[in-house]
Structure formats: structure tokens, C-alpha cells
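Source file structure.txt; content: compact mmCIF, C-alpha atoms.
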# COMPACT_ATOMS: atom_id res chain seq x y z
CA GLY R 1171 129.90 100.91 128.76
CA ASN R 1172 128.03 97.89 130.07
CA VAL R 1173 124.36 97.71 131.01
CA ASP R 1174 124.85 99.01 134.58
CA SER R 1175 127.05 101.91 133.46
CA LEU R 1176 124.59 102.95 130.76
CA SER R 1177 121.65 102.75 133.17
CA ASN R 1178 123.44 105.09 135.62
CA ARG R 1179 124.30 107.57 132.88
CA ILE R 1180 120.70 107.63 131.67
CA ALA R 1181 119.53 108.32 135.25
CA ASN R 1182 121.95 111.27 135.50
CA VAL R 1183 120.87 112.67 132.14
CA ARG R 1184 117.23 112.47 133.20
CA THR R 1185 118.10 114.55 136.28
CA TRP R 1186 119.58 117.21 134.04
CA SER R 1187 116.53 116.93 131.78
CA TYR R 1188 114.30 117.63 134.80
CA VAL R 1189 116.38 120.66 135.76
CA SER R 1190 116.43 122.10 132.23
CA ASN R 1191 112.64 121.90 132.00
CA LYS R 1192 112.17 124.04 135.14
CA VAL R 1193 111.47 127.70 134.41
CA ASN R 1194 114.34 130.06 135.29
CA TRP R 1195 116.55 127.30 136.70
CA VAL R 1196 119.10 127.47 133.86
CA GLU R 1197 120.12 130.01 131.29
CA ASN R 1198 119.48 129.24 127.60
CA GLN R 1199 116.73 126.77 128.58
CA ASP R 1200 115.74 125.66 125.04
CA TYR R 1201 119.31 124.67 124.24
CA TRP R 1202 119.62 122.44 127.34
CA ILE R 1203 116.24 120.80 126.77
CA LYS R 1204 117.28 119.75 123.25
CA ARG R 1205 120.75 118.74 124.43
CA THR R 1206 119.57 116.48 127.26
CA LYS R 1207 116.85 114.94 125.06
CA LEU R 1208 119.37 114.03 122.34
CA LEU R 1209 121.78 112.55 124.87
CA GLU R 1210 119.05 110.50 126.55
CA ASP R 1211 117.93 109.07 123.19
CA LYS R 1212 121.47 108.02 122.24
CA LEU R 1213 122.08 106.35 125.61
CA SER R 1214 118.72 104.55 125.43
CA ASP R 1215 119.53 103.14 121.98
CA ARG R 1216 122.91 101.96 123.21
CA LEU R 1217 121.32 100.34 126.26
CA HIS R 1218 118.86 98.47 124.01
CA GLU R 1219 121.76 97.10 121.92
CA GLU R 1220 123.62 95.93 125.03
CA LEU R 1221 120.53 94.25 126.46
CA THR R 1222 119.93 92.42 123.15
CA LYS R 1223 123.56 91.32 122.99
CA SER R 1224 123.40 90.21 126.59
CA PHE R 1225 120.31 88.11 125.87
CA ILE R 1226 121.92 86.51 122.81
CA ASP R 1227 125.12 85.78 124.72
CA LYS R 1228 123.04 84.21 127.47
CA ARG R 1229 121.10 82.10 124.96
CA ALA R 1230 124.33 81.01 123.28
CA ASN R 1231 125.96 80.15 126.61
CA ILE R 1232 122.98 78.07 127.71
CA LEU R 1233 122.81 76.16 124.43
CA ALA R 1234 126.56 75.66 124.26
CA ARG R 1235 126.70 74.40 127.85
CA ARG R 1236 123.88 71.91 127.33
CA LEU R 1237 125.41 70.72 124.05
CA LYS R 1238 128.74 70.03 125.77
CA GLN R 1239 126.96 68.09 128.49
CA ASP R 1240 125.00 66.03 125.90
CA MET R 1241 121.78 67.00 127.63
CA THR R 1242 118.38 66.42 126.02
CA PHE R 1243 116.64 69.54 124.78
CA ASN R 1244 113.00 70.22 125.54
CA THR R 1245 111.65 71.16 122.10
CA GLU R 1246 108.23 72.58 121.29
CA ILE R 1247 106.73 73.50 117.92
CA THR R 1248 103.71 75.77 118.32
CA GLU R 1249 100.65 75.90 116.05
CA ASP R 1250 102.09 78.90 114.21
CA GLU R 1251 105.32 76.94 113.57
CA ASN R 1252 107.45 78.70 116.20
CA VAL R 1253 110.32 76.52 117.41
CA ILE R 1254 110.97 76.74 121.16
CA ILE R 1255 114.04 74.96 122.56
CA ASP R 1256 114.33 74.97 126.37
CA LYS R 1257 111.83 77.85 126.54
CA GLN R 1258 113.90 79.90 124.09
CA PHE R 1259 112.52 80.95 120.72
CA ILE R 1260 115.09 79.98 118.08
CA GLY R 1261 113.14 80.37 114.83
CA LYS R 1262 110.20 79.23 112.68
CA LEU R 1263 109.67 75.95 110.87
CA LYS R 1264 108.35 76.59 107.35
CA GLY R 1265 107.52 73.33 105.65
CA LEU R 1266 110.82 71.45 105.69
CA LYS R 1267 112.98 74.52 106.24
CA LEU R 1268 114.02 75.99 109.60
CA GLU R 1269 114.47 79.75 109.62
CA LEU R 1270 116.69 80.55 112.58
CA ASP R 1271 116.15 83.71 114.60
CA LEU R 1272 119.21 85.50 113.27
CA ASN R 1273 119.47 89.26 113.64
CA VAL R 1274 122.21 91.89 113.38
CA GLY R 1275 123.41 91.15 116.89
CA THR R 1276 123.73 87.39 116.52
CA LEU R 1277 127.23 86.03 117.09
CA ASP R 1278 128.88 83.27 115.06
CA THR R 1279 129.09 81.12 118.16
CA ASP R 1280 125.37 81.61 118.65
CA ILE R 1281 124.62 80.50 115.08
CA LYS R 1282 126.67 77.34 115.56
CA SER R 1283 124.91 76.59 118.83
CA LEU R 1284 121.50 77.19 117.30
CA LYS R 1285 122.22 74.95 114.32
CA LYS R 1286 123.57 72.14 116.45
CA ALA R 1287 120.69 72.36 118.89
CA ALA R 1288 118.25 72.47 115.98
CA ARG R 1289 119.82 69.41 114.34
CA LEU R 1290 119.33 67.41 117.52
CA SER R 1291 115.83 68.71 118.22
CA ILE R 1292 114.20 69.45 114.85
CA GLY R 1293 115.75 66.63 112.80
CA PRO R 1294 113.24 64.00 114.02
CA GLU R 1295 110.33 66.39 113.36
CA LEU R 1296 111.48 66.99 109.77
CA ASN R 1297 111.83 63.24 109.19
CA LYS R 1298 108.31 62.84 110.55
CA ARG R 1299 107.03 65.46 108.10
CA ILE R 1300 108.73 63.74 105.16
CA LYS R 1301 106.94 60.52 106.12
CA GLN R 1302 103.60 62.39 106.28
CA ILE R 1303 104.20 63.85 102.81
CA ILE R 1304 104.96 60.44 101.33
CA ASP R 1305 102.07 58.71 103.13
CA THR R 1306 99.37 61.29 102.33
CA GLY R 1307 100.53 62.91 99.08
CA LEU R 1308 98.59 66.07 99.98
CA LEU R 1309 100.53 68.35 97.67
CA GLU R 1310 99.78 71.07 95.16
CA ILE R 1311 101.79 72.86 92.52
CA LYS R 1312 101.37 76.61 92.05
CA ASN R 1313 102.17 79.16 89.37
CA ASP R 1314 105.52 80.01 90.99
CA PHE R 1315 106.73 76.53 89.86
CA LYS R 1316 106.87 75.29 93.47
CA ILE R 1317 105.31 72.22 95.07
CA TYR R 1318 103.53 73.06 98.32
CA TRP R 1319 102.75 71.09 101.44
CA ARG R 1320 100.79 72.79 104.25
CA LYS R 1321 101.02 76.12 102.43
CA PHE R 1322 104.83 75.98 102.41
CA PRO R 1323 107.06 75.19 99.39
CA ILE R 1324 109.06 71.98 99.63
CA ALA R 1325 110.40 71.74 96.05
CA LYS R 1326 110.81 73.81 92.90
CA LEU R 1327 110.51 72.80 89.24
CA LEU R 1328 113.53 73.20 86.96
CA PRO R 1329 113.84 72.70 83.19
CA GLY R 1330 114.43 69.11 82.11
CA LYS R 1331 115.23 67.41 78.81
CA ASP R 1332 111.61 67.87 77.73
CA TYR R 1333 108.94 70.29 78.88
CA LEU R 1334 106.89 67.32 80.08
CA ASP R 1335 109.87 65.96 82.04
CA PRO R 1336 110.80 68.72 84.52
CA GLU R 1337 113.50 68.29 87.11
CA LEU R 1338 113.08 69.03 90.82
CA SER R 1339 115.11 70.86 93.44
CA LEU R 1340 114.20 70.30 97.09
CA ILE R 1341 113.52 73.24 99.40
CA ILE R 1342 114.70 71.50 102.53
CA ASP R 1343 116.92 72.17 105.51
CA ASP R 1344 120.43 70.74 105.55
CA ILE R 1345 119.53 69.34 108.97
CA VAL R 1346 117.79 66.48 107.13
CA GLU R 1347 120.03 63.50 106.41
CA VAL R 1348 120.97 62.75 102.79
CA LEU R 1349 119.09 59.43 102.82
CA GLU R 1350 115.84 61.14 103.83
CA GLN R 1351 116.35 63.85 101.22
CA LYS R 1352 116.84 61.21 98.53
CA LYS R 1353 113.68 59.42 99.64
CA LEU R 1354 111.67 62.64 99.33
CA GLN R 1355 113.27 63.54 95.99
CA GLU R 1356 112.29 60.20 94.47
CA TYR R 1357 108.74 60.46 95.79
CA LEU R 1358 108.20 64.01 94.45
CA GLU R 1359 109.56 63.04 91.03
CA LYS R 1360 107.07 60.19 90.87
CA TRP R 1361 104.29 62.50 92.11
CA ILE R 1362 104.84 65.16 89.43
CA ASN R 1363 105.20 62.50 86.71
CA ARG R 1364 101.93 60.86 87.79
CA LYS R 1365 100.18 64.22 87.77
CA ILE R 1366 101.43 65.04 84.26
CA SER R 1367 100.53 61.55 83.01
CA PHE R 1368 97.00 61.85 84.41
CA VAL R 1369 96.11 65.45 83.51
CA LEU R 1370 97.85 65.38 80.11
CA LYS R 1371 97.25 61.71 79.33
CA SER R 1372 96.23 62.23 75.70
CA LEU R 1373 99.44 64.16 75.05
CA ILE R 1374 101.63 61.59 76.82
CA ASP R 1375 99.96 58.79 74.83
CA LEU R 1376 101.09 60.44 71.59
CA ARG R 1377 104.68 60.31 72.75
CA SER R 1378 104.50 56.60 73.48
CA LEU R 1379 102.50 55.75 70.33
CA LYS R 1380 103.74 52.61 68.60
CA GLU R 1381 102.27 52.58 65.12
CA SER R 1382 103.68 51.15 61.89
CA ASN R 1383 101.93 53.74 59.72
CA SER R 1384 104.44 56.53 59.14
CA SER R 1385 101.75 59.17 58.45
CA ILE R 1386 100.09 58.47 61.81
CA ARG R 1387 103.44 58.63 63.59
CA ALA R 1388 104.37 61.86 61.80
CA LEU R 1389 101.13 63.62 62.72
CA ALA R 1390 101.30 62.33 66.30
CA TYR R 1391 104.84 63.66 66.60
CA GLN R 1392 103.81 67.07 65.25
CA LEU R 1393 100.91 67.24 67.70
CA TYR R 1394 103.15 66.31 70.61
CA GLU R 1395 105.80 68.85 69.67
CA ASN R 1396 103.15 71.58 69.37
CA ASN R 1397 101.51 70.94 72.75
CA GLY R 1398 98.47 69.19 71.29
CA VAL R 1399 97.29 71.96 68.94
CA LEU R 1400 98.08 72.26 65.21
CA LYS R 1401 96.78 74.59 62.55
CA ARG R 1402 95.26 72.37 59.89
CA GLU R 1403 96.91 74.29 57.04
CA LYS R 1404 100.36 73.42 58.42
CA VAL R 1405 99.76 69.66 58.34
CA SER R 1406 97.59 69.40 55.22
CA ASP R 1407 100.15 67.13 53.54
CA TYR R 1408 100.02 64.67 56.45
CA LEU R 1409 96.21 64.72 56.46
CA LYS R 1410 96.01 63.89 52.76
CA LYS R 1411 97.83 60.63 53.44
CA LEU R 1412 95.46 59.57 56.22
CA GLY R 1413 92.49 57.38 55.40
CA GLN R 1414 89.44 56.94 57.63
CA ASP R 1415 90.97 53.92 59.37
CA GLU R 1416 94.09 55.87 60.25
CA ARG R 1417 92.02 58.84 61.43
CA LYS R 1418 89.96 56.52 63.61
CA ILE R 1419 93.12 55.39 65.41
CA LEU R 1420 93.98 59.00 66.22
CA ARG R 1421 90.38 59.88 67.13
CA ASN R 1422 90.41 57.07 69.68
CA MET R 1423 93.42 58.80 71.23
CA GLY R 1424 91.49 62.05 71.60
CA VAL R 1425 92.52 63.78 68.37
CA LYS R 1426 89.87 65.97 66.77
CA PHE R 1427 90.08 66.91 63.10
CA GLY R 1428 88.47 70.32 62.71
CA ARG R 1429 88.11 72.80 59.89
CA TYR R 1430 90.81 75.07 61.27
CA HIS R 1431 92.77 72.87 63.69
CA VAL R 1432 93.84 69.37 64.54
CA PHE R 1433 93.92 69.17 68.33
CA LEU R 1434 93.54 67.11 71.49
CA PHE R 1435 90.19 68.33 72.80
CA LYS R 1436 90.76 67.05 76.37
CA LEU R 1437 93.71 69.43 76.73
CA LEU R 1438 91.34 72.42 76.62
CA LYS R 1439 90.02 71.70 80.12
CA PRO R 1440 91.08 74.34 82.70
CA GLU R 1441 93.34 71.97 84.68
CA SER R 1442 95.06 70.75 81.51
CA VAL R 1443 95.58 74.28 80.18
CA SER R 1444 97.00 75.48 83.51
CA LEU R 1445 99.44 72.59 83.80
CA ARG R 1446 100.62 72.85 80.18
CA ILE R 1447 101.26 76.58 80.57
CA LEU R 1448 103.13 76.02 83.82
CA LEU R 1449 105.37 73.34 82.29
CA TRP R 1450 105.87 75.39 79.13
CA LYS R 1451 107.01 78.46 81.07
CA ASN R 1452 109.23 76.35 83.31
CA TYR R 1453 110.93 74.71 80.34
CA HIS R 1454 111.58 77.98 78.49
CA GLN R 1455 112.36 79.94 81.68
CA LYS R 1456 110.60 83.03 80.32
CA PHE R 1457 107.16 84.41 79.41
CA TYR R 1458 106.45 84.71 83.14
CA ASN R 1459 104.24 87.76 82.63
CA LEU R 1460 101.92 85.97 80.18
CA LYS R 1461 98.62 84.95 81.73
CA PRO R 1462 95.92 82.76 80.20
CA PRO R 1463 92.45 84.21 79.53
CA THR R 1464 89.83 83.77 82.21
CA PHE R 1465 88.41 80.26 82.03
CA GLY R 1466 84.86 80.22 80.71
CA LEU R 1467 85.42 82.87 78.05
CA ASN R 1468 84.98 81.74 74.44
CA PHE R 1469 85.61 85.05 72.69
CA LEU R 1470 88.13 87.82 73.37
CA GLU R 1471 88.67 91.21 71.83
CA ASN R 1472 92.14 92.35 72.79
CA LYS R 1473 94.99 93.98 70.91
CA ASP R 1474 97.39 93.43 73.81
CA PHE R 1475 97.80 89.66 73.35
CA LYS R 1476 101.01 89.80 71.33
CA ASN R 1477 102.17 86.20 71.72
CA LYS R 1478 99.92 84.19 69.38
CA ASN R 1479 101.75 80.93 70.15
CA PHE R 1480 100.97 81.36 73.84
CA MET R 1481 97.30 82.04 73.06
CA LEU R 1482 97.19 78.92 70.87
CA LEU R 1483 98.66 76.99 73.79
CA CYS R 1484 95.77 78.36 75.86
CA GLY R 1485 93.39 77.06 73.19
CA PHE R 1486 92.59 80.32 71.37
CA GLU R 1487 92.91 81.05 67.65
CA ASN R 1488 93.68 84.56 66.48
CA PHE R 1489 91.86 86.61 63.87
CA ASP R 1490 93.46 90.06 63.93
CA LYS R 1491 92.47 91.51 67.33
CA TYR R 1492 89.93 88.76 68.04
CA PHE R 1493 90.55 85.42 69.74
CA VAL R 1494 88.18 82.44 69.71
CA ARG R 1495 88.55 79.15 71.56
CA ILE R 1496 89.40 76.52 68.98
CA ASP R 1497 86.74 74.02 70.09
CA ILE R 1498 84.10 76.78 70.02
CA LEU R 1499 85.35 77.71 66.56
CA GLU R 1500 84.63 74.17 65.37
CA ARG R 1501 81.17 74.22 66.95
CA LEU R 1502 80.49 77.52 65.20
CA PHE R 1503 81.43 75.94 61.89
CA VAL R 1504 79.00 73.07 62.57
CA GLN R 1505 76.27 75.62 63.30
CA ILE R 1506 77.01 77.38 60.02
CA ILE R 1507 76.75 74.09 58.10
CA ASN R 1508 73.52 73.07 59.84
CA SER R 1509 71.92 76.48 59.26
CA ASN R 1510 72.62 76.21 55.54
CA GLU R 1511 70.25 73.32 54.81
CA GLY R 1512 69.34 74.48 51.33
CA LYS R 1513 72.99 74.92 50.40
CA LYS R 1514 72.41 78.61 49.90
CA THR R 1515 75.31 80.88 49.18
CA GLU R 1516 74.34 83.18 52.04
CA ILE R 1517 73.93 82.14 55.67
CA LYS R 1518 71.68 83.99 58.06
CA LEU R 1519 73.14 85.21 61.34
CA ILE R 1520 71.10 83.62 64.14
CA PRO R 1521 71.15 84.31 67.92
CA GLU R 1522 72.55 80.84 68.66
CA MET R 1523 75.81 81.84 66.96
CA LEU R 1524 76.16 84.92 69.17
CA ASN R 1525 75.29 82.91 72.28
CA LEU R 1526 77.88 80.28 71.43
CA LEU R 1527 80.70 82.81 71.20
CA GLY R 1528 79.35 85.15 73.85
CA CYS R 1529 79.98 88.27 71.78
CA SER R 1530 78.02 91.20 70.37
CA LYS R 1531 76.53 91.26 66.87
CA ASP R 1532 79.01 93.92 65.76
CA ASN R 1533 81.99 91.90 66.96
CA PHE R 1534 80.63 88.74 65.35
CA LEU R 1535 80.31 90.45 61.98
CA LYS R 1536 83.84 91.84 62.25
CA LEU R 1537 85.16 88.43 63.27
CA ILE R 1538 83.43 86.59 60.44
CA GLN R 1539 84.92 89.04 57.95
CA LYS R 1540 88.39 88.19 59.28
CA MET R 1541 87.51 84.54 58.60
CA ASN R 1542 87.01 85.31 54.88
CA TYR R 1543 83.24 85.71 54.97
CA LYS R 1544 81.49 88.58 53.23
CA THR R 1545 78.61 90.15 55.18
CA SER R 1546 75.43 91.84 53.98
CA GLU R 1547 72.19 93.20 55.43
CA LYS R 1548 68.65 92.61 54.14
CA ASN R 1549 65.45 93.71 55.89
CA ASN R 1550 67.29 94.25 59.17
CA GLU R 1551 68.71 90.72 59.00
CA PHE R 1552 72.41 89.97 58.58
CA TYR R 1553 73.84 87.39 56.21
CA PHE R 1554 77.31 86.17 55.38
CA LYS R 1555 78.88 83.94 52.76
CA TYR R 1556 82.30 82.38 52.44
CA VAL R 1557 84.68 83.90 49.90
CA PRO R 1558 87.76 81.72 49.25
CA VAL R 1559 91.07 83.52 49.56
CA LYS R 1560 91.99 82.88 45.90
CA GLN R 1561 88.68 84.31 44.74
CA LYS R 1562 89.14 87.40 46.88
CA VAL R 1563 92.62 87.96 45.50
CA LYS R 1564 91.44 87.44 41.91
CA LYS R 1565 88.57 89.84 42.40
CA SER R 1566 90.79 92.51 43.87
CA ILE R 1567 93.24 92.14 40.98
CA ASN R 1568 90.47 92.49 38.41
CA ASN R 1569 89.20 95.61 40.11
CA VAL R 1570 92.55 97.36 39.80
CA GLN R 1571 92.48 99.52 36.65
CA LYS R 1572 95.56 100.97 35.10
CA PRO R 1573 95.50 104.74 34.55
CA ASP R 1574 96.38 104.30 30.84
CA ASN R 1575 93.54 101.85 30.27
CA PRO R 1576 91.78 102.93 26.98
CA PHE R 1577 88.36 102.59 28.58
CA ASN R 1578 89.45 105.01 31.29
CA VAL R 1579 90.50 107.45 28.59
CA LEU R 1580 87.11 107.15 26.85
CA LYS R 1581 85.35 107.56 30.18
CA ASN R 1582 87.05 110.88 30.80
CA ILE R 1583 86.28 112.35 27.33
CA SER R 1584 83.53 114.93 27.41
CA PHE R 1585 81.27 115.05 24.32
CA LYS R 1586 79.36 118.31 23.82
Now that the file is in, can you turn its structure into C-alpha cells?
Amino acid sequence: GNVDSLSNRIANVRTWSYVSNKVNWVENQDYWIKRTKLLEDKLSDRLHEELTKSFIDKRANILARRLKQDMTFNTEITEDENVIIDKQFIGKLKGLKLELDLNVGTLDTDIKSLKKAARLSIGPELNKRIKQIIDTGLLEIKNDFKIYWRKFPIAKLLPGKDYLDPELSLIIDDIVEVLEQKKLQEYLEKWINRKISFVLKSLIDLRSLKESNSSIRALAYQLYENNGVLKREKVSDYLKKLGQDERKILRNMGVKFGRYHVFLFKLLKPESVSLRILLWKNYHQKFYNLKPPTFGLNFLENKDFKNKNFMLLCGFENFDKYFVRIDILERLFVQIINSNEGKKTEIKLIPEMLNLLGCSKDNFLKLIQKMNYKTSEKNNEFYFKYVPVKQKVKKSINNVQKPDNPFNVLKNISFK
């Protein structure tokens, strides 16, 4: 029934509920108490639905009538982004997107009225916001690949032709005219390109390098393709062809030639690492669960970092279960050279080395062994010396003795 009919029925049921709760007024009292309670609950729920529908119908009728009469709507946007049209709450404005107050009881006619009223009332406000975005540029990009304004997303990154050239998709209401959307799209594309060009300048410069020397171009291309970090052993052929003059050109562009890596040292700053990882994940559309190490750490002991390429992108080199920041690795190598003034074969472990990495003595010794150094202890002091890979292999081969070796046979003979 309608609201009046349901209200009357609820009143009658409550009378019966009163009677059933009186002692000795009815037989089988417990049964009637449960029965009247269940009936009252059902009627109350139905009344709530009818009241909601009645309110929605009223809201729709008011909006529809005013739209037909081309009347001006009194629109208010509260501090918490609630949109009030003619004293009726119609939804929330989140950034450049209007979320209408649609619930299970909303009618199609109501939706149409809401949208039309919103277009007339909220359209100018959204255009105003677009102008504010363009004029101020107060934007930020977060790890969910979205560009935010006032804590609300207004665009999302999509893969482009290159991981440094992402595309953009606006998060904007269709209330906004196409011309305004295009204006915002162009501005955001310029904004993200400027940000990439500024934060990752040394990497962008490699892409636009114009150099006649083919070896310089080849190494620059390899660095660009590998996100600014290369293992030295993989580009040894390129390095052999570079003289000091050629290296100087690349050094002036921020390239550092280390013992283990060739890399752009400016890309190891926290902001640069974060942006590169974000763009890398966006381009590949995977690896979302991979997180960079906490900024400020130089040494990590972790078996769980399975993706070595990702860790290299973060600026960490892998030695079995240990990871060391590549610039710290180069500084460690300089310390080792400086501490070996007399060109001794063995180098003494000093506290400065532990402080540089931020690791324990035990972990340092295990790490240095993974880097092809042999460790030893003398008078409670620890020493290490470099053992080339070829030498280690040769030594291990020489130590392998065949069971039929004649000297082994002589060794096992017992003379009495």
C-alpha cells in the first residue's frame, strides 16, 4: 500500500502487540508476541522504502518542473564537496568528477533530471576548476599512476610508445565540454613531460644526444635503454673504444664510469628513483607489487628480492642475498684503493668501510667474499685480498685430484 495505508496497518499491529504482551490476555502468548513483532518489522521496512521513493519522486518532480520552466538553480558546493541544488543534496564533487546521489530506489527519470540540473549548475564550477589547475599547476603524481589535484585524481597514466613518454586519460565528468577537456589534456601532457624532463634530465639528454662518434652514441643508447644503469662487464667492448676525450663528453652529461657499473649518478636521488620506477611499471603494466628499498639504506640482506633488474633500477647491485647501492659500491672501492697505500696484497678491514655500507662486520666479510675477495684473520684483525675469477677457477681445478692418481696410490700404501 501507500504511506498512509502502511502507517495505519503499523498502528493496528502495535495495538495487537500491546495486547499480546499483557499477561493472561491471550492464549499462547509467546507465539503472538513473536508474530506481531515480525509483522511490525516487515511493515516498517516497507514504509521506509515508500518514504524514500516518495522523496525521490518529489525531488525528481521539482527538478523536472524547474528544468521545463528554464528556471535558474540555486547551487551550493560545501567545504566537504557536497553539491546542493535548490536545497536538495544531489551528490559530491570529487576533483573534476560529480558523483550523483544514486541509490537502489532512484528512478531513470530522476537520473536524467539530476544530470541535466548538474550540467546547468556544476558545469561552470568545473570549468573554473580547470582554469585553476592550469593557472597554478599544483599537481602531484602518486604510485597509483594518477595525477592528483586537491587530493582527488584528475588523470591517469597509460603506456605510451616509450616508458618516458606515457599517455594520459582524463578522470573528468562528461558534463565538461569537449573544448575544455582538450585544453586540460594538453596542459597535463605538458606538465608530465616537463616533470620527466626536469627530474630525469640526464637520461633525457642521452636520448637527444647528437654526437658524431659512434662509440659515444652506442654507449649513450645502451644507457638510455637500460634506465641509466649498466653493468660494466656488459659494455666492456664499447668502453675499450672510448678515449679520455670521449669519456669527458659523457662525464659532462652525468655519466660515471665505475669499477662495476656505468651509470647516471643523478638518477639515484630518491625523487628520480621513484619517478623512474613509476614510469617503468606503467609502461610494462605489471610488477605492481614490487617496492623499492627504503631510501637512505646502502646495504640490504634479503633473499626475497627476486627481481634483480628491478633492484638495479632502484640503484642496487646484487651479490647473492646481499644488495649494495651502486654509488656506495664505487665509494667502497675507492676506500679499498686508498687503504692499500703500500700496494699490499692484503687490505685491512677498517671501521670506515662498515660505516659506509651500514652493515655488520660479519655481513661485510660475507659480502666481500661474494665480490671475489678472500678473507683472513690475524691478531683479531680482518684482512681481505682480491682473487681474480680466472685464478680462483684455476686453483680449484688444480686442487681436484683424480682417484687413480699415482701419488694418491702411494699415499695410501702402508709400509710396515
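Picture a line from atom CA of R:Met1481 to atom CA of R:Lys1461; it runs 9.2 Å.
Nearest to R:Lys1371 of all the residues R:Lys1540, R:Lys1267, R:Lys1207, R:Arg1446 is R:Arg1446, counting all atoms listed in the file.
Going from atom CA of R:Ala1388 to atom CA of R:Pro1440 covers 27.7 Å.
From atom CA of R:Leu1358 back to atom CA of R:Leu1308, the distance works out to 11.3 Å.
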Next item on the list: Return the single residue from R:Ile1386, R:Val1405, R:Ile1496, R:Leu1437 that is closest to R:Leu1420, with distances computed using only C-alpha atoms.
Entry: R:Ile1386
Check: Could you tell me, as a VMD selection string, which residues have any atom at most 12 Å from (95.2, 70.5, 88.9), counting all atoms listed in the file?
Finding: chain R and resid 1309 to 1313 1317 1362 1364 to 1370 1439 to 1448
Notebook entry, point to check: Got a sec: who's within 10 Å of R:Lys1478, counting all atoms listed in the file, leaving out chain neighbours fewer than 4 positions off, as number ranges by chain?
Noted result: R: 1482-1484, 1486-1488, 1493
Next item on the list: Identify, on the basis of only C-alpha atoms, every residue whose closest approach to stretch 1178-1191 of chain R does not exceed 12 Å; exclude the query and any residue fewer than 4 positions from it along the same chain; express the result as a list in words.
Entry: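 Near stretch 1178-1191 of chain R, the qualifying residues are Gly1171, Asn1172, Val1173, Asp1174, Trp1195, Val1196, Glu1197, Asn1198, Gln1199, Asp1200, Tyr1201, Trp1202, Ile1203, Lys1204, Arg1205, Thr1206, Lys1207, Leu1208, Leu1209, Glu1210, Asp1211, Lys1212, Leu1213, Ser1214, Asp1215, Arg1216 and Leu1217 of chain R.
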Keeping only C-alpha atoms, write the selected residues to a file as a compact mmCIF listing (two decimals), in the frame of the given file.
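As written to disk, selection39.txt reads:
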# COMPACT_ATOMS: atom_id res chain seq x y z
CA GLY R 1171 129.90 100.91 128.76
CA ASN R 1172 128.03 97.89 130.07
CA VAL R 1173 124.36 97.71 131.01
CA ASP R 1174 124.85 99.01 134.58
CA TRP R 1195 116.55 127.30 136.70
CA VAL R 1196 119.10 127.47 133.86
CA GLU R 1197 120.12 130.01 131.29
CA ASN R 1198 119.48 129.24 127.60
CA GLN R 1199 116.73 126.77 128.58
CA ASP R 1200 115.74 125.66 125.04
CA TYR R 1201 119.31 124.67 124.24
CA TRP R 1202 119.62 122.44 127.34
CA ILE R 1203 116.24 120.80 126.77
CA LYS R 1204 117.28 119.75 123.25
CA ARG R 1205 120.75 118.74 124.43
CA THR R 1206 119.57 116.48 127.26
CA LYS R 1207 116.85 114.94 125.06
CA LEU R 1208 119.37 114.03 122.34
CA LEU R 1209 121.78 112.55 124.87
CA GLU R 1210 119.05 110.50 126.55
CA ASP R 1211 117.93 109.07 123.19
CA LYS R 1212 121.47 108.02 122.24
CA LEU R 1213 122.08 106.35 125.61
CA SER R 1214 118.72 104.55 125.43
CA ASP R 1215 119.53 103.14 121.98
CA ARG R 1216 122.91 101.96 123.21
CA LEU R 1217 121.32 100.34 126.26
Next item on the list: Using all atoms listed in the file, find the one residue out of R:Glu1500, R:Leu1526, R:Asp1490, R:Ser1384 that sits nearest to R:Val1432.
Entry: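 Under the stated criterion, the closest residue is R:Glu1500.
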Checklist line | Polymer residues at most 12 Å from R:Tyr1357, all atoms listed in the file, same-chain spacing of 6 or more positions, as a list in words | finding: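 Those residues are Ile1300, Lys1301, Gln1302, Ile1303, Ile1304, Asp1305, Thr1306, Gly1307, Leu1309, Ala1325, Leu1338, Leu1340, Glu1350, Gln1351, Asn1363 and Arg1364 of chain R.
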Item checked: Shell around R:Glu1395 at 12 Å using all atoms listed in the file, local window under 6 positions removed, as a list of chain:residue names ->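 Listing them by chain and then by number gives R:Asp1332, R:Tyr1333, R:Leu1334, R:Leu1373, R:Ile1374, R:Leu1376, R:Arg1377, R:Ala1388, R:Leu1389, R:Phe1433, R:Trp1450, R:Leu1483.
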Next item on the list: Select, from R:Asn1297, R:Lys1548, R:Phe1322, R:Ser1509, the residue with the minimum atom-to-atom distance to R:Lys1352, counting all atoms listed in the file.
Entry: R:Asn1297
